[in-house]
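Notes follow once the structure below has been shown.
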Amino acid sequence: MITHGKNIKIFAGNSHPELARQIADILGTKVGDSKVSTFSDGEISVDINETVRGMDVFIVQSTNDPVNDNLMELLIMIDAFKRASAGRITAVMPYYGYARQDRKAKARDPITAKLVADILTAAGADRVLTMDLHAAQIQGYFNIPLDHLLGAPILAKYFIQKEFDKRDDIVVVSPDLGSVTRARKFADKLNASIAIIDKRRPKANVSEVMNIIGDIEGKTVILVDDMIDTAGTITNGANALMKRGAKEVYACCTHAVLSGPAIERIKDSVIKELIMLNTINLPDSKMLDKFKILSIAPVFAEAIKRIYEDVSVSKLFED
C-alpha cells in the first residue's frame, strides 16, 4: 500500500454530489470525471474517465436512503480506483449507515456496523473519514485508519452567533441517557446547564418519555442528538419539555435521516427551529420553514487537506 498519493482527487457518488462540489471548491480543485449509473437489471456501473494512477483519491458518499444502493456504489467505486492503481483511497462517509446495529442487543442479532467496516476494507479502502458515528466504539471495528469528525462544534457555533452563550436561561437537553456526553460538551460551549430525558424504547423507532432529569421550567432548551430518523424521540421529547414548563424548544442534529413520518411529526411539533448539518442531502420536498441547514464542507475540506499533508486531524477540534 502506498501511504501517500501524488495529488488530491475528489470524486462523488450519487448520494451527495453537491457536498463533493463544495469540498472541491474549498480545496481549489474540481470533482473528478466519473459516472455512476445502472444496467437495466439494476446492477451498478462505474466509469472513471480520468487517470488516478498514484493519486490520493477521496470518494464522497453518504450511505443514507437508499442505503444499500449508496453502499454498493461506494464499494464498486473503491474497487474501480484500486484496480486503476490509485495511490491511496479514502472513503469520505459524512453519514455512516448501519451504525445503529453496533452490538448484540438481543439473541441472534447481527452487528452490521462491523460487517460494513469489514466490507469497506475488503473492497480496498485505505482509510475512512466520517462524522459523528452513532457509537464511538465503531472506530474500533476498522483495521484501517479512521478519522472521526465532530458535528457539535459547528452546531454550537450557530447558537454562539445568536449569543445564546451570553444568556442565563439556556438548558441543553440530552434526548436519552446515551447522549449525555454529547450534551455536556455542547453545554460547555454555551456555558449552559444540562437536563436529561429518561425514555424507554419498547420497539425500534418507538420511544416513550418517562421522566426529565434537571430544571427546565421557564427555560429555553436545546435538544441535541446525533441523528433524527423518524423524529419520534426528538418530537416526543420536545412536547414533554413544553408540558413540563419549558419556554421554547430548539433542536439540532448532525444527521437528518428524516424517514417515514418524520417531516409531519416535526411540522406538527412544538420545536421552534431545527438545525441540521448537510451530511445527508435533503431534497426540497422535505424542507420546512423551521429547518436550518449548516454546511460541513469547510471542516471536511480541512480534514482532507490535513490527511493529504500528513498532519493531525484531531487538532481541528482543539480550539
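Quick note on naming: the chains in the C-alpha cells go A, B, ... in the order shown, residues restart at 1 in each chain, and ligands are numbered from 1 in order of appearance.
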Long-range neighbours of range 144-149 of chain A as a list of chain:residue names, 6 Å cut-off, only C-alpha atoms, 3 positions minimum in chain: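 With the cut-off at 6 Å, the set is A:Arg127, A:Val128, A:Leu129, A:Thr130, A:Met131.
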Neighbour list for range 16-31 of chain A as a ChimeraX atom specification, cut-off 12 Å, only C-alpha atoms, skip fewer than 2 positions in-chain: /A:7-14,33-36,48-50,57-66,70,74,92-95,277-283,294-306,308
Next, dump the selected residues to file, keeping only C-alpha atoms, as a compact mmCIF listing (two decimals), in the first residue's frame.
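Printed below is again-v4.txt as written:
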# COMPACT_ATOMS: atom_id res chain seq x y z
CA ASN A 7 -2.16 14.67 -5.79
CA ILE A 8 -5.66 15.15 -4.31
CA LYS A 9 -8.58 13.97 -6.42
CA ILE A 10 -12.19 14.31 -5.19
CA PHE A 11 -14.85 12.01 -6.63
CA ALA A 12 -18.56 11.74 -5.84
CA GLY A 13 -21.15 9.01 -5.84
CA ASN A 14 -24.82 9.79 -6.34
CA ASP A 33 -14.80 12.96 -14.00
CA SER A 34 -16.74 9.81 -13.17
CA LYS A 35 -20.20 8.42 -13.74
CA VAL A 36 -22.21 6.01 -11.58
CA ILE A 48 -13.78 6.59 -14.23
CA ASN A 49 -12.95 8.95 -17.09
CA GLU A 50 -9.54 10.27 -15.99
CA VAL A 57 -8.35 9.70 -4.07
CA PHE A 58 -11.22 10.81 -1.81
CA ILE A 59 -14.69 9.40 -2.59
CA VAL A 60 -17.54 11.43 -1.07
CA GLN A 61 -20.53 9.19 -0.43
CA SER A 62 -23.00 9.09 2.47
CA THR A 63 -24.76 5.76 2.93
CA ASN A 64 -28.25 7.07 3.58
CA ASP A 65 -31.52 6.13 1.83
CA PRO A 66 -31.37 4.25 -0.49
CA ASN A 70 -25.38 4.03 -1.93
CA LEU A 74 -19.17 3.28 -2.75
CA VAL A 92 -15.40 10.02 2.83
CA MET A 93 -18.65 8.99 4.53
CA PRO A 94 -20.26 12.00 6.22
CA TYR A 95 -23.08 9.65 7.28
CA LEU A 277 -25.82 19.54 9.12
CA ASN A 278 -25.78 18.54 5.47
CA THR A 279 -24.16 15.12 5.94
CA ILE A 280 -27.25 13.85 4.07
CA ASN A 281 -28.65 15.56 1.00
CA LEU A 282 -32.11 16.78 1.99
CA PRO A 283 -34.44 17.15 -1.02
CA LEU A 294 -25.39 24.19 8.03
CA SER A 295 -22.61 23.05 5.71
CA ILE A 296 -19.94 20.58 6.77
CA ALA A 297 -17.90 21.23 3.61
CA PRO A 298 -15.31 23.52 5.31
CA VAL A 299 -14.46 21.02 8.05
CA PHE A 300 -14.31 18.07 5.62
CA ALA A 301 -12.16 20.07 3.21
CA GLU A 302 -9.76 20.95 6.02
CA ALA A 303 -9.67 17.31 7.18
CA ILE A 304 -8.91 16.11 3.63
CA LYS A 305 -6.13 18.69 3.34
CA ARG A 306 -4.66 17.53 6.65
CA TYR A 308 -3.07 14.64 2.39
Every residue of range 197-268 of chain A that DSSP places in helix (DSSP H, G or I), as a list in words: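 Answer for range 197-268 of chain A restricted to helix (DSSP H, G or I) is Gly232, Thr233, Ile234, Thr235, Asn236, Gly237, Ala238, Asn239, Ala240, Leu241, Met242, Lys243, Ala262, Ile263, Glu264, Arg265, Ile266, Lys267 and Asp268 of chain A.
All residues of protein, DNA or RNA that reach within 10 Å of range 159-163 of chain A, judged by only C-alpha atoms and not counting those fewer than 3 positions away in the chain, are A:Ile154, A:Leu155, A:Ala156, A:Lys166, A:Arg167, A:Lys189, A:Leu190, A:Ile222, A:Ile275.
Those residues that approach Ser45 in chain A to within 9 Å, counting only C-alpha atoms, are A:Lys35, A:Val36, A:Ser37, A:Thr38, A:Phe39, A:Glu43, A:Asp47, A:Glu73, A:Ile76; same-chain residues fewer than 2 positions away are not listed.
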For Arg244 in chain A, the nearest of the candidates A:Leu133, A:Val311, A:Val221, A:Ala231, counting only C-alpha atoms: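 The answer is A:Val221, which sits nearest to Arg244 in chain A.
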